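One file, my_file04.cif, carrying mmCIF, C-alpha atoms:
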```
data_input
loop_
_atom_site.label_atom_id
_atom_site.label_comp_id
_atom_site.auth_asym_id
_atom_site.auth_seq_id
_atom_site.Cartn_x
_atom_site.Cartn_y
_atom_site.Cartn_z
CA MET A 1102 38.26 -46.14 30.68
CA ARG A 1103 36.20 -47.90 28.00
CA SER A 1104 33.18 -48.13 30.37
CA LEU A 1105 33.55 -44.41 31.02
CA LEU A 1106 33.58 -43.55 27.30
CA SER A 1107 30.63 -45.80 26.58
CA ARG A 1108 28.58 -44.05 29.22
CA ILE A 1109 28.98 -40.65 27.45
CA SER A 1110 25.69 -39.86 25.66
CA PRO A 1111 25.69 -39.25 21.85
CA ARG A 1112 24.55 -35.67 22.46
CA LEU A 1113 27.61 -34.98 24.60
CA TRP A 1114 29.81 -36.51 21.89
CA PHE A 1115 28.22 -34.16 19.33
CA ILE A 1116 28.90 -31.11 21.50
CA LEU A 1117 32.52 -32.18 22.09
CA ILE A 1118 33.10 -32.60 18.34
CA LEU A 1119 31.58 -29.18 17.67
CA LEU A 1120 33.88 -27.55 20.24
CA ILE A 1121 36.97 -29.20 18.79
CA ALA A 1122 36.01 -28.19 15.21
CA GLY A 1123 35.41 -24.59 16.32
CA GLY A 1124 38.79 -24.45 18.02
CA VAL A 1125 40.61 -25.77 14.94
CA MET A 1126 38.87 -23.27 12.64
CA ALA A 1127 39.69 -20.36 14.98
CA TRP A 1128 43.33 -21.40 15.01
CA ILE A 1129 43.45 -21.60 11.20
CA GLU A 1130 41.82 -18.19 10.86
CA GLN A 1131 44.27 -16.67 13.37
CA ARG A 1132 47.20 -18.09 11.49
CA ASP A 1133 45.94 -16.71 8.07
CA ARG A 1134 45.45 -13.24 9.54
CA ALA A 1135 48.97 -13.28 10.90
CA ASN A 1136 50.27 -14.18 7.43
CA ASP A 1137 48.26 -11.31 5.83
CA THR A 1138 49.66 -8.80 8.28
CA ASP A 1139 53.11 -10.05 7.55
CA THR A 1140 52.60 -9.65 3.80
CA SER A 1141 50.91 -6.20 4.05
CA LEU A 1142 53.64 -5.02 6.37
CA GLY A 1143 56.05 -6.47 3.99
CA SER A 1144 54.87 -4.29 1.10
CA GLN A 1145 54.94 -1.13 3.26
CA GLN A 1146 58.44 -1.72 4.31
CA GLU A 1147 59.49 -2.83 0.88
CA ALA A 1148 63.16 -2.37 0.40
CA PRO A 1149 63.85 1.09 -1.09
CA ASP A 1150 65.98 1.22 -4.20
CA TYR A 1151 67.58 4.41 -2.91
CA TYR A 1152 67.44 6.86 -0.06
CA ALA A 1153 68.84 10.35 0.42
CA GLU A 1154 69.53 12.37 3.52
CA GLY A 1155 69.28 16.13 3.75
CA ALA A 1156 67.76 16.15 0.29
CA THR A 1157 66.03 18.87 -1.72
CA TYR A 1158 64.07 18.14 -4.88
CA THR A 1159 63.41 20.97 -7.31
CA ARG A 1160 61.06 20.48 -10.24
CA TYR A 1161 61.01 22.71 -13.31
CA ASN A 1162 58.29 23.19 -15.89
CA ASP A 1163 58.78 23.23 -19.67
CA GLN A 1164 59.75 26.91 -19.53
CA GLY A 1165 62.47 26.14 -17.01
CA GLU A 1166 60.60 27.75 -14.16
CA ILE A 1167 60.55 26.18 -10.69
CA TYR A 1168 57.08 24.92 -9.81
CA GLN A 1169 57.75 22.58 -6.88
CA THR A 1170 60.45 21.99 -4.30
CA LEU A 1171 60.63 19.39 -1.57
CA ALA A 1172 63.18 19.37 1.23
CA SER A 1173 63.45 16.57 3.76
CA PRO A 1174 66.03 15.25 6.20
CA ARG A 1175 65.44 11.74 4.82
CA ILE A 1176 63.85 10.51 1.60
CA THR A 1177 63.42 6.91 0.53
CA HIS A 1178 62.06 5.65 -2.79
CA THR A 1179 60.26 2.31 -3.24
CA PRO A 1180 60.48 1.10 -6.86
CA ASN A 1181 57.40 -1.12 -7.13
CA ASP A 1182 54.93 1.69 -6.49
CA ASP A 1183 57.34 4.47 -7.58
CA MET A 1184 56.59 6.22 -4.30
CA THR A 1185 58.92 8.65 -2.56
CA HIS A 1186 58.56 8.71 1.22
CA ALA A 1187 59.78 11.84 2.97
CA GLU A 1188 60.25 12.56 6.65
CA THR A 1189 59.07 16.00 7.86
CA PRO A 1190 58.92 17.29 4.29
CA GLU A 1191 58.87 21.03 3.56
CA LEU A 1192 57.31 21.74 0.18
CA THR A 1193 56.80 24.83 -1.91
CA TRP A 1194 54.49 25.17 -4.89
CA THR A 1195 54.80 28.14 -7.19
CA ALA A 1196 51.40 28.78 -8.74
CA SER A 1197 51.13 29.78 -12.36
CA GLY A 1198 50.26 33.28 -11.15
CA GLY A 1199 53.55 33.43 -9.24
CA ASP A 1200 52.20 33.04 -5.70
CA VAL A 1201 54.25 30.64 -3.57
CA TRP A 1202 52.44 28.20 -1.31
CA HIS A 1203 54.12 26.20 1.42
CA GLY A 1204 53.19 22.74 2.66
CA ARG A 1205 54.55 20.49 5.37
CA GLY A 1206 53.68 17.45 7.46
CA ASP A 1207 55.18 14.80 9.69
CA THR A 1208 55.47 12.48 6.68
CA GLY A 1209 54.99 12.88 2.99
CA GLN A 1210 54.30 10.51 0.12
CA VAL A 1211 55.09 11.66 -3.39
CA GLU A 1212 53.75 9.70 -6.33
CA GLY A 1213 55.70 9.61 -9.54
CA ASN A 1214 57.13 12.98 -10.47
CA GLY A 1215 55.34 14.94 -7.79
CA GLU A 1216 52.02 14.69 -9.57
CA HIS A 1217 50.20 13.67 -6.39
CA ILE A 1218 51.45 14.37 -2.87
CA THR A 1219 49.98 13.35 0.48
CA LEU A 1220 51.14 15.05 3.67
CA SER A 1221 50.18 13.27 6.88
CA GLY A 1222 50.36 14.29 10.53
CA HIS A 1223 50.16 17.97 11.50
CA ALA A 1224 49.81 18.80 7.84
CA ARG A 1225 49.83 22.49 7.00
CA LEU A 1226 49.29 24.58 3.89
CA ARG A 1227 50.29 28.22 3.95
CA GLN A 1228 49.98 31.16 1.55
CA PRO A 1229 51.95 34.02 3.09
CA ASP A 1230 50.74 36.81 0.78
CA ASN A 1231 47.10 36.22 1.75
CA ASP A 1232 48.12 35.18 5.27
CA TRP A 1233 46.14 31.98 4.69
CA THR A 1234 47.02 28.97 6.81
CA LEU A 1235 45.31 25.62 6.78
CA SER A 1236 45.97 23.04 9.50
CA THR A 1237 44.68 19.50 9.18
CA ASP A 1238 45.72 15.91 9.67
CA THR A 1239 46.01 14.83 6.05
CA LEU A 1240 46.53 17.12 3.08
CA HIS A 1241 46.54 16.04 -0.58
CA TYR A 1242 47.90 17.95 -3.54
CA THR A 1243 47.49 17.30 -7.27
CA GLN A 1244 49.83 19.18 -9.56
CA GLN A 1245 47.71 18.91 -12.68
CA ASP A 1246 44.95 21.21 -11.44
CA GLN A 1247 47.10 22.82 -8.71
CA HIS A 1248 44.52 21.63 -6.22
CA ALA A 1249 45.16 21.10 -2.51
CA TRP A 1250 42.46 19.45 -0.44
CA SER A 1251 41.66 17.73 2.82
CA ASP A 1252 38.59 15.66 3.58
CA VAL A 1253 39.14 15.59 7.32
CA THR A 1254 38.49 18.29 9.89
CA SER A 1255 40.43 21.39 8.92
CA THR A 1256 41.15 24.73 10.56
CA PHE A 1257 41.64 27.71 8.30
CA THR A 1258 43.04 30.98 9.59
CA GLN A 1259 43.52 34.34 7.94
CA GLU A 1260 44.99 37.08 10.07
CA ASN A 1261 42.90 36.97 13.23
CA GLN A 1262 39.99 34.99 11.78
CA THR A 1263 39.57 31.24 12.27
CA THR A 1264 37.18 28.91 10.47
CA THR A 1265 36.77 25.17 10.89
CA SER A 1266 35.07 22.73 8.53
CA ASN A 1267 34.81 19.08 7.59
CA ARG A 1268 36.44 19.57 4.19
CA PHE A 1269 38.83 22.04 2.59
CA ASP A 1270 39.78 22.74 -1.03
CA ALA A 1271 42.15 25.31 -2.45
CA TRP A 1272 43.21 26.08 -6.02
CA ILE A 1273 46.59 27.68 -5.65
CA ASP A 1274 46.62 29.25 -9.13
CA GLN A 1275 43.31 30.99 -8.45
CA ASP A 1276 43.90 32.07 -4.83
CA ARG A 1277 40.57 30.49 -4.07
CA ALA A 1278 39.49 28.22 -1.24
CA VAL A 1279 36.27 26.48 -0.24
CA LEU A 1280 35.44 25.15 3.19
CA GLU A 1281 32.47 22.83 3.40
CA GLY A 1282 30.49 20.93 6.03
CA ASP A 1283 29.74 22.30 9.50
CA VAL A 1284 31.55 25.53 8.74
CA LYS A 1285 32.17 27.66 11.87
CA GLY A 1286 33.85 31.06 11.53
CA ASN A 1287 35.13 33.29 14.30
CA TYR A 1288 36.09 36.94 13.87
CA PRO A 1289 37.51 38.82 16.87
CA PRO A 1290 35.85 42.14 17.74
CA SER A 1291 37.07 45.20 15.90
CA ARG A 1292 36.86 47.42 19.04
CA LEU B 152 23.46 45.55 23.88
CA PRO B 153 25.97 48.39 23.71
CA SER B 154 28.62 45.81 24.58
CA ASP B 155 27.80 43.78 21.45
CA ALA B 156 30.35 45.69 19.39
CA SER B 157 33.17 44.43 21.59
CA LYS B 158 32.10 40.82 21.18
CA PRO B 159 33.56 38.43 18.59
CA ILE B 160 31.50 37.51 15.55
CA HIS B 161 30.62 33.83 15.22
CA ILE B 162 29.27 32.41 11.96
CA SER B 163 28.03 28.93 11.14
CA ALA B 164 27.08 27.78 7.65
CA ASP B 165 27.21 24.87 5.22
CA LYS B 166 29.92 26.35 3.04
CA LEU B 167 32.48 29.15 2.86
CA ASN B 168 33.96 30.41 -0.42
CA LEU B 169 37.12 32.49 -0.12
CA ASP B 170 38.50 34.40 -3.07
CA ASP B 171 41.52 36.48 -2.20
CA LYS B 172 41.78 38.10 -5.61
CA ALA B 173 38.20 39.38 -5.21
CA GLY B 174 38.71 39.91 -1.48
CA THR B 175 35.49 38.12 -0.62
CA ALA B 176 34.42 35.60 1.98
CA VAL B 177 30.95 34.24 1.19
CA TYR B 178 29.12 31.93 3.59
CA THR B 179 26.19 30.02 2.11
CA GLY B 180 23.56 27.58 3.36
CA ASN B 181 21.72 28.07 6.70
CA VAL B 182 23.93 30.93 7.73
CA ASP B 183 23.70 32.06 11.34
CA MET B 184 25.82 34.96 12.54
CA THR B 185 25.95 36.20 16.13
CA GLN B 186 27.73 39.09 17.82
CA GLY B 187 26.71 39.39 21.44
CA THR B 188 22.89 39.70 21.43
CA MET B 189 22.77 40.42 17.69
CA LEU B 190 21.67 37.53 15.50
CA LEU B 191 21.59 37.48 11.71
CA LYS B 192 20.02 34.64 9.71
CA ALA B 193 20.16 34.31 5.92
CA ASN B 194 20.91 31.94 3.04
CA ARG B 195 24.03 33.85 2.08
CA VAL B 196 26.32 36.18 4.00
CA ASP B 197 29.22 38.11 2.43
CA ILE B 198 31.90 39.31 4.80
CA GLN B 199 34.02 42.31 3.91
CA ARG B 200 37.07 43.24 5.94
CA GLY B 201 38.63 46.63 6.43
CA ASN B 202 42.29 47.45 5.93
CA ASN B 203 42.88 46.53 9.56
CA GLY B 204 41.67 43.02 8.77
CA ASN B 205 38.59 43.33 10.94
CA VAL B 206 35.04 42.79 9.72
CA SER B 207 33.77 46.08 8.31
CA ARG B 208 30.60 45.06 6.49
CA VAL B 209 28.28 42.04 6.52
CA THR B 210 25.77 41.63 3.68
CA ALA B 211 23.05 39.07 4.29
CA ILE B 212 20.87 37.98 1.39
CA GLY B 213 17.70 35.96 1.79
CA GLN B 214 16.93 33.57 -1.04
CA GLY B 215 13.29 32.45 -0.96
CA GLU B 216 12.76 33.99 2.46
CA ARG B 217 13.95 37.38 3.72
CA ALA B 218 17.12 37.77 5.74
CA TYR B 219 16.43 38.33 9.46
CA LEU B 220 18.21 40.31 12.14
CA GLU B 221 17.48 40.78 15.81
CA GLN B 222 19.25 42.57 18.61
CA LYS B 223 18.53 43.51 22.25
CA PRO B 224 19.24 47.21 22.72
CA ASN B 225 19.26 46.96 26.51
CA PRO B 226 18.65 44.20 29.04
CA GLN B 227 15.26 45.60 29.99
CA ASP B 228 14.14 46.34 26.43
CA SER B 229 12.48 43.83 24.16
CA LYS B 230 14.55 42.85 21.14
CA VAL B 231 14.46 44.78 17.90
CA GLN B 232 13.65 42.60 14.90
CA GLY B 233 14.30 43.39 11.24
CA TRP B 234 13.62 41.68 7.90
CA GLY B 235 14.67 42.48 4.38
CA ASP B 236 15.50 40.88 1.06
CA LYS B 237 18.97 42.17 1.84
CA VAL B 238 20.30 43.18 5.26
CA ILE B 239 23.57 45.07 5.48
CA TYR B 240 25.31 45.44 8.82
CA HIS B 241 28.02 48.11 9.00
CA ALA B 242 30.18 46.99 11.91
CA ASP B 243 32.14 50.21 12.22
CA THR B 244 29.16 52.57 12.41
CA ARG B 245 26.83 50.00 14.05
CA ARG B 246 24.25 50.74 11.33
CA VAL B 247 21.85 48.27 9.72
CA GLU B 248 20.17 48.68 6.34
CA LEU B 249 17.10 46.62 5.55
CA ILE B 250 16.61 46.71 1.79
CA GLY B 251 13.57 45.38 -0.13
CA ASN B 252 10.35 44.30 1.65
CA ALA B 253 11.88 45.86 4.72
CA LYS B 254 10.24 45.57 8.11
CA LEU B 255 11.47 46.64 11.52
CA ILE B 256 9.77 46.01 14.85
CA GLN B 257 11.06 48.28 17.55
CA SER B 258 8.45 47.48 20.12
CA PRO B 259 5.81 48.76 20.29
CA ASP B 260 6.34 50.38 16.85
CA THR B 261 6.56 48.76 13.43
CA PHE B 262 8.08 50.17 10.27
CA ASN B 263 7.51 48.80 6.77
CA GLY B 264 8.89 50.08 3.50
CA ALA B 265 11.29 49.56 0.62
CA TYR B 266 14.16 50.65 2.82
CA VAL B 267 14.61 50.91 6.57
CA GLU B 268 17.78 52.08 8.25
CA TYR B 269 18.40 51.41 11.93
CA PHE B 270 21.25 52.67 14.16
CA LEU B 271 21.87 49.98 16.74
CA ASP B 272 23.41 52.16 19.43
CA ARG B 273 21.29 55.33 18.91
CA ARG B 274 18.19 53.18 18.22
CA GLN B 275 17.18 55.63 15.53
CA VAL B 276 15.05 54.48 12.59
CA ASN B 277 14.85 56.00 9.10
CA ALA B 278 12.43 54.52 6.60
CA ARG B 279 11.59 55.41 3.03
CA GLY B 280 9.42 54.12 0.20
CA GLY B 281 10.24 53.74 -3.49
CA LYS B 282 11.32 50.74 -5.46
CA PRO B 283 13.08 48.15 -3.34
CA SER B 284 15.35 47.37 -6.29
CA SER B 285 15.77 48.48 -9.88
CA SER B 286 14.09 45.31 -11.14
CA ASP B 287 11.00 45.99 -9.07
CA SER B 288 8.16 47.86 -10.78
CA SER B 289 5.95 48.31 -7.73
CA ASP B 290 6.53 51.24 -5.43
CA GLN B 291 6.62 50.42 -1.73
CA ARG B 292 5.28 53.12 0.49
CA VAL B 293 6.45 53.62 4.06
CA GLU B 294 4.01 52.33 6.66
CA MET B 295 4.56 53.08 10.30
CA THR B 296 2.53 51.78 13.19
CA LEU B 297 3.29 53.86 16.25
CA ASN B 298 1.60 52.28 19.22
CA PRO B 299 0.98 54.04 22.50
CA GLN B 300 3.78 53.18 24.87
CA ASN B 301 1.67 50.94 27.17
CA SER B 302 0.22 48.55 24.54
CA GLN B 303 2.37 45.64 23.37
CA SER B 304 2.60 45.22 19.56
CA GLN B 305 2.84 41.81 17.85
#
```
Spit out the file's structure as structure tokens when you get a sec.
Amino acid sequence: MRSLLSRISPRLWFILILLIAGGVMAWIEQRDRANDTDTSLGSQQEAPDYYAEGATYTRYNDQGEIYQTLASPRITHTPNDDMTHAETPELTWTASGGDVWHGRGDTGQVEGNGEHITLSGHARLRQPDNDWTLSTDTLHYTQQDQHAWSDVTSTFTQENQTTTSNRFDAWIDQDRAVLEGDVKGNYPPSR
Amino acid sequence: LPSDASKPIHISADKLNLDDKAGTAVYTGNVDMTQGTMLLKANRVDIQRGNNGNVSRVTAIGQGERAYLEQKPNPQDSKVQGWGDKVIYHADTRRVELIGNAKLIQSPDTFNGAYVEYFLDRRQVNARGGKPSSSDSSDQRVEMTLNPQNSQSQ
């Protein structure tokens, strides 16, 4: 055995050591990543301080008028980030002008007192009076400026017209919307 | 083509501004609009819809360069081309107004003036001079180049 080891050339020893060191470092790195995932998963699935089933939130402004409602079959609240997580939420926003807008998605995240809302998965924003409908993957809403927006591909329809774009913004108190980036509109023939 | 009117309208642009209170849909930035063989190019295009929700009027405005419209009246005809500071397409009546520095080539003839009106289906042209717009001081006279049928114009 000893004669065998002595016959191995220094260069071969060096390569062997390098291989072993590389393997150890890869194993350490793998283990750290596993720990990170555990911790990041941990914070997502942080224990809620409360949950509600078949819940409806209604928010009132200083004049006692309803400005936002949220209905969901299941709502959970995580205290550390003060985030409310809603399953298949159905939202309504009443604009200062009185128009009612509707929003929904597969999941919803509501920050604080409804100041900022993110709807994810088949998200949709609808304004029935104008017959405006926006379909996208992720929709954000900020109460302060009554601004709904999406920065992913969005499809806007009004009556029989359809327009797609890379970004969408709407100001619900102004009945105004802007589509931007690779805008493509389609209007069916009038005859 | 006569069948253009029964074709959908497709528009591509950089941006679309919708204002329901004003009832306007304004496309801006490299706007291309097509309906069958008709093509409209401009920097800005305003779409107006009738009560039935369909497109009733399209106003194309050229900023820097004139708005441009072309259409093929019939498969065997060469396309009609029109330019103007403003081009208005009336979808219901299939009428086009070229306003300001207006030019229409209906091969082999060419029409220039402050205002040219063209009926897509009847292929009738009306042109007149005058001031293209109130802000303009210069009068634009009507110039028509009627070429014999067999020679090809530009």
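Any residue of chain B with an atom no more than 6 Å from chain A counts as a contact; using only C-alpha atoms, that gives B:Ser157, B:Lys158, B:Pro159, B:Ile160, B:His161, B:Ile162, B:Ser163, B:Ala164, B:Asp165, B:Lys166, B:Leu167, B:Asn168, B:Leu169, B:Asp170, B:Asp171, B:Asn205.
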Reference answer for the PyMOL selection byres ((chain A and resi 1186-1192) around 7), as a list in words:
Thr1170, Leu1171, Ala1172, Ser1173, Pro1174, Arg1175, Ile1176, Thr1177, His1178, Met1184, Thr1185, Thr1193, Trp1194, His1203, Gly1204, Arg1205, Gly1206, Asp1207, Thr1208, Gly1209, Gln1210 and Val1211 of chain A
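Atom CA of A:Glu1216 is positioned 6.8 Å from atom CA of A:Gln1245.
What separates atom CA of B:Asn277 from atom CA of B:Phe262 is a distance of 9.0 Å.
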Give me the result of the PyMOL selection byres ((chain B and resi 236-252) around 7) on this file, residue by residue, as a VMD selection string.
chain B and resid 206 to 213 217 to 218 234 to 235 253 to 254 264 to 272 283 to 284
Hits from the PyMOL selection byres ((chain B and resi 179) around 6), listed as a ChimeraX atom specification
/B:166,178,180,194-195
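Comparing A:Gly1222, A:Gly1215, A:Pro1229, A:Pro1149 by their smallest distance to A:Pro1180, the closest is A:Pro1149 (using all atoms listed in the file).
Counting from atom CA of A:Gly1198, the distance to atom CA of A:Thr1239 is 25.6 Å.
Non-sequential neighbours of A:Thr1234 (distance at most 9 Å, separation of 4 or more positions within a chain, all atoms listed in the file) are Arg1225, Leu1226, Arg1227, Gln1228, Pro1229, Thr1256, Phe1257, Thr1258, Gln1259 and Glu1260 of chain A.
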Can you complete the atoms of stretch 171-205 of chain B to N, CA and C atoms and list them as a CSV table (one decimal), keeping the file's coordinate frame?
```
chain,number,residue,atom,x,y,z
B,171,ASP,N,40.7,35.4,-2.7
B,171,ASP,CA,41.5,36.5,-2.2
B,171,ASP,C,41.7,37.5,-3.3
B,172,LYS,N,41.7,37.1,-4.5
B,172,LYS,CA,41.8,38.1,-5.6
B,172,LYS,C,40.6,39.1,-5.5
B,173,ALA,N,39.4,38.5,-5.3
B,173,ALA,CA,38.2,39.4,-5.2
B,173,ALA,C,38.0,39.9,-3.8
B,174,GLY,N,38.8,39.4,-2.9
B,174,GLY,CA,38.7,39.9,-1.5
B,174,GLY,C,37.4,39.6,-0.8
B,175,THR,N,36.8,38.4,-1.2
B,175,THR,CA,35.5,38.1,-0.6
B,175,THR,C,35.5,36.8,0.2
B,176,ALA,N,34.6,36.8,1.2
B,176,ALA,CA,34.4,35.6,2.0
B,176,ALA,C,32.9,35.4,2.0
B,177,VAL,N,32.4,34.4,1.3
B,177,VAL,CA,31.0,34.2,1.2
B,177,VAL,C,30.5,32.9,1.9
B,178,TYR,N,29.7,33.1,2.9
B,178,TYR,CA,29.1,31.9,3.6
B,178,TYR,C,27.8,31.6,3.0
B,179,THR,N,27.5,30.4,2.7
B,179,THR,CA,26.2,30.0,2.1
B,179,THR,C,25.6,28.8,2.8
B,180,GLY,N,24.3,28.8,2.8
B,180,GLY,CA,23.6,27.6,3.4
B,180,GLY,C,23.3,27.7,4.9
B,181,ASN,N,22.1,28.0,5.3
B,181,ASN,CA,21.7,28.1,6.7
B,181,ASN,C,22.7,28.9,7.5
B,182,VAL,N,22.9,30.1,7.1
B,182,VAL,CA,23.9,30.9,7.7
B,182,VAL,C,23.3,31.6,9.0
B,183,ASP,N,24.0,31.4,10.1
B,183,ASP,CA,23.7,32.1,11.3
B,183,ASP,C,24.9,32.9,11.8
B,184,MET,N,24.7,34.2,12.1
B,184,MET,CA,25.8,35.0,12.5
B,184,MET,C,25.4,35.6,13.9
B,185,THR,N,26.3,35.6,14.8
B,185,THR,CA,26.0,36.2,16.1
B,185,THR,C,27.1,37.1,16.5
B,186,GLN,N,26.7,38.2,17.2
B,186,GLN,CA,27.7,39.1,17.8
B,186,GLN,C,27.1,39.6,19.1
B,187,GLY,N,27.4,39.0,20.2
B,187,GLY,CA,26.7,39.4,21.4
B,187,GLY,C,25.2,39.0,21.3
B,188,THR,N,24.3,40.0,21.5
B,188,THR,CA,22.9,39.7,21.4
B,188,THR,C,22.4,39.8,20.0
B,189,MET,N,23.3,40.3,19.1
B,189,MET,CA,22.8,40.4,17.7
B,189,MET,C,22.8,39.1,17.0
B,190,LEU,N,21.8,38.8,16.3
B,190,LEU,CA,21.7,37.5,15.5
B,190,LEU,C,21.2,37.9,14.1
B,191,LEU,N,21.9,37.2,13.1
B,191,LEU,CA,21.6,37.5,11.7
B,191,LEU,C,21.4,36.1,11.1
B,192,LYS,N,20.3,35.9,10.4
B,192,LYS,CA,20.0,34.6,9.7
B,192,LYS,C,19.8,34.9,8.2
B,193,ALA,N,20.4,34.1,7.4
B,193,ALA,CA,20.2,34.3,5.9
B,193,ALA,C,20.6,33.1,5.2
B,194,ASN,N,20.4,33.0,3.9
B,194,ASN,CA,20.9,31.9,3.0
B,194,ASN,C,22.3,32.2,2.6
B,195,ARG,N,22.7,33.5,2.5
B,195,ARG,CA,24.0,33.8,2.1
B,195,ARG,C,24.5,35.1,2.8
B,196,VAL,N,25.7,35.0,3.3
B,196,VAL,CA,26.3,36.2,4.0
B,196,VAL,C,27.7,36.5,3.4
B,197,ASP,N,27.9,37.7,2.9
B,197,ASP,CA,29.2,38.1,2.4
B,197,ASP,C,29.9,38.9,3.5
B,198,ILE,N,31.1,38.6,3.8
B,198,ILE,CA,31.9,39.3,4.8
B,198,ILE,C,33.0,40.2,4.1
B,199,GLN,N,32.9,41.5,4.4
B,199,GLN,CA,34.0,42.3,3.9
B,199,GLN,C,34.9,42.8,5.1
B,200,ARG,N,36.2,42.8,4.9
B,200,ARG,CA,37.1,43.2,5.9
B,200,ARG,C,37.7,44.6,5.6
B,201,GLY,N,38.0,45.3,6.7
B,201,GLY,CA,38.6,46.6,6.4
B,201,GLY,C,40.1,46.4,6.3
B,202,ASN,N,40.8,47.6,6.1
B,202,ASN,CA,42.3,47.4,5.9
B,202,ASN,C,43.0,46.9,7.2
B,203,ASN,N,42.3,47.1,8.3
B,203,ASN,CA,42.9,46.5,9.6
B,203,ASN,C,42.6,45.0,9.7
B,204,GLY,N,41.9,44.5,8.7
B,204,GLY,CA,41.7,43.0,8.8
B,204,GLY,C,40.4,42.7,9.5
B,205,ASN,N,39.8,43.6,10.2
B,205,ASN,CA,38.6,43.3,10.9
B,205,ASN,C,37.4,43.4,10.0
```
